[in-house]
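Contents: one structure, followed by commentary.
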Amino acid sequence: MTEEQATNAQQTADLVREGMFKNDRASRLLGMQIVDVKPGSATLAMTIRDDMLNGHDICHGGLITTLADSAFAYACNSYNELTVASGFGVDFIAPGRFGDVLTARCTEVSKAGRTGVYDTEVTNQRGERIAMFRGRSYTMKGKPAVPADRAA
C-alpha cells in the first residue's frame, strides 16, 4: 500500500468513526469512548459504573460483551462498507469491578469476500485480561456504513 492509499484508508476510517458514533446510541448510553479506529481495527474504552454491576457486585457479562461488540463494529465497518455481525463467541477470564476502565482492542484476523473474522481483547486499567471475543462479520457489498449525508 502506498502512503497515499494508507492516508486515504485512514481518512475513510475516521469518517466512519465520526459518522457511526453520531448514531450509536447504545455505545454512548454506556459511556463508551472511541480511543482509536484504523482500517481493520478499533479500540474503545468504558468505565464500569454502579448501574453496570450484577447481583455478584461485578460487571454484568453482557455489558463487557457489548463493549467488545462495539469495538468489533467499528473495526469491521472501518472500510465504509456496511458490515454486520453474523455471530460471535466470548470467553470471560476475570471479573470487571466497579470503577475499572475496560479497554476493548479489536483487530482483523481475516477478511475475504463478504466475510471477516475479528478478535477483541478486553483488559482493565492494569492491563489484566478480562475477556476474549471473536466476531464473525458479513459485509453488504455496495452499501456504505456511513452514507455521505450522515458523514459530516
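Chain labels follow the order of the C-alpha cells: the first chain is A, the next B, and so on; residue numbering restarts at 1 in every chain, and ligands are counted from 1 in their shown order.
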Just asking: which residues within chain A are strand (DSSP E or B) according to DSSP, as an MDAnalysis selection string? chainID A and resid 33:38 41:47 53 59 83:92 101:112 115:123 129:139
Kindly save the residues from that selection, with C-alpha atoms included, as a tab-separated table (two decimals), in the first residue's frame.
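Final file, out.tsv:
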```
chain	number	residue	atom	x	y	z
A	33	GLN	CA	-15.26	6.35	24.30
A	34	ILE	CA	-13.62	5.68	20.96
A	35	VAL	CA	-9.88	5.66	21.57
A	36	ASP	CA	-8.77	4.77	18.04
A	37	VAL	CA	-10.08	3.48	14.72
A	38	LYS	CA	-7.80	2.36	11.91
A	41	SER	CA	-9.04	-2.24	13.91
A	42	ALA	CA	-10.62	-0.24	16.69
A	43	THR	CA	-10.09	0.49	20.38
A	44	LEU	CA	-12.91	1.57	22.70
A	45	ALA	CA	-12.96	2.17	26.45
A	46	MET	CA	-15.69	2.14	29.11
A	47	THR	CA	-15.66	2.81	32.85
A	53	LEU	CA	-22.94	-4.33	38.34
A	59	CYS	CA	-19.75	-6.07	35.87
A	83	THR	CA	-20.92	-4.71	7.84
A	84	VAL	CA	-22.91	-6.56	10.47
A	85	ALA	CA	-22.16	-9.35	12.91
A	86	SER	CA	-23.05	-12.83	11.74
A	87	GLY	CA	-22.04	-14.31	15.09
A	88	PHE	CA	-19.60	-14.14	17.96
A	89	GLY	CA	-18.21	-16.02	20.91
A	90	VAL	CA	-16.89	-14.62	24.16
A	91	ASP	CA	-14.80	-16.07	26.96
A	92	PHE	CA	-14.68	-14.34	30.34
A	101	VAL	CA	-11.71	1.20	32.98
A	102	LEU	CA	-12.14	-1.55	30.42
A	103	THR	CA	-10.45	-1.26	27.03
A	104	ALA	CA	-11.50	-3.38	24.06
A	105	ARG	CA	-8.91	-3.71	21.27
A	106	CYS	CA	-10.28	-5.30	18.11
A	107	THR	CA	-8.13	-6.45	15.20
A	108	GLU	CA	-8.97	-8.02	11.89
A	109	VAL	CA	-7.86	-11.64	11.62
A	110	SER	CA	-9.26	-12.40	8.17
A	111	LYS	CA	-11.34	-10.60	5.54
A	112	ALA	CA	-12.25	-12.42	2.34
A	115	THR	CA	-16.98	-12.39	5.48
A	116	GLY	CA	-14.47	-11.49	8.13
A	117	VAL	CA	-13.12	-12.68	11.47
A	118	TYR	CA	-12.09	-10.23	14.20
A	119	ASP	CA	-10.56	-10.78	17.64
A	120	THR	CA	-11.16	-8.41	20.53
A	121	GLU	CA	-9.23	-8.45	23.79
A	122	VAL	CA	-10.81	-6.67	26.76
A	123	THR	CA	-8.42	-5.55	29.50
A	129	ARG	CA	-7.19	-9.60	30.56
A	130	ILE	CA	-10.92	-9.62	31.33
A	131	ALA	CA	-12.37	-11.27	28.22
A	132	MET	CA	-11.65	-12.50	24.70
A	133	PHE	CA	-14.25	-12.02	21.97
A	134	ARG	CA	-14.19	-13.42	18.42
A	135	GLY	CA	-16.64	-11.88	15.98
A	136	ARG	CA	-17.66	-13.02	12.53
A	137	SER	CA	-18.84	-10.37	10.09
A	138	TYR	CA	-20.87	-10.15	6.91
A	139	THR	CA	-20.43	-7.20	4.52
```
Step one, run DSSP on the backbone; step two, keep only residues of chain A assigned to helix (DSSP H, G or I); then write them as a PyMOL selection string. chain A and resi 3-23+25-29+50-52+61-76+148-151
Based on the selection just made, write C-alpha atoms of those residues as a short mmCIF file (atom, residue, chain, number, x, y, z; two decimals), in the first residue's frame.
```cif
data_model
loop_
_atom_site.label_atom_id
_atom_site.label_comp_id
_atom_site.auth_asym_id
_atom_site.auth_seq_id
_atom_site.Cartn_x
_atom_site.Cartn_y
_atom_site.Cartn_z
CA GLU A 3 1.49 6.26 1.53
CA GLU A 4 -1.37 7.96 -0.31
CA GLN A 5 -3.51 4.81 -0.14
CA ALA A 6 -2.76 4.46 3.59
CA THR A 7 -3.75 8.10 4.15
CA ASN A 8 -7.00 7.62 2.21
CA ALA A 9 -7.77 4.42 4.13
CA GLN A 10 -7.25 6.24 7.44
CA GLN A 11 -9.42 9.13 6.30
CA THR A 12 -12.17 6.62 5.49
CA ALA A 13 -11.80 5.01 8.93
CA ASP A 14 -12.01 8.47 10.56
CA LEU A 15 -15.16 9.27 8.55
CA VAL A 16 -16.77 6.03 9.70
CA ARG A 17 -15.72 6.64 13.31
CA GLU A 18 -17.39 10.04 13.41
CA GLY A 19 -20.44 9.11 11.34
CA MET A 20 -21.23 5.90 13.21
CA PHE A 21 -20.72 7.40 16.68
CA LYS A 22 -23.25 10.16 15.97
CA ASN A 23 -25.94 7.49 15.63
CA ARG A 25 -26.96 5.45 20.96
CA ALA A 26 -26.12 2.19 22.75
CA SER A 27 -22.38 2.85 22.99
CA ARG A 28 -22.94 6.46 24.05
CA LEU A 29 -25.51 5.40 26.69
CA ASP A 50 -22.54 1.16 39.71
CA ASP A 51 -25.55 0.53 37.44
CA MET A 52 -23.44 -1.95 35.41
CA GLY A 61 -21.03 -10.05 31.33
CA GLY A 62 -23.45 -8.72 28.73
CA LEU A 63 -22.02 -5.23 29.17
CA ILE A 64 -18.44 -6.46 28.76
CA THR A 65 -19.63 -8.24 25.62
CA THR A 66 -21.33 -5.06 24.41
CA LEU A 67 -18.05 -3.14 24.73
CA ALA A 68 -16.23 -5.82 22.71
CA ASP A 69 -19.05 -5.92 20.15
CA SER A 70 -18.90 -2.15 19.70
CA ALA A 71 -15.14 -2.28 19.07
CA PHE A 72 -15.81 -5.10 16.59
CA ALA A 73 -18.44 -2.95 14.83
CA TYR A 74 -16.07 -0.01 14.37
CA ALA A 75 -13.23 -2.27 13.18
CA CYS A 76 -15.22 -4.16 10.58
CA ALA A 148 -22.43 10.75 2.64
CA ASP A 149 -25.29 12.79 4.17
CA ARG A 150 -24.52 11.38 7.67
CA ALA A 151 -20.74 11.68 7.45
#
```
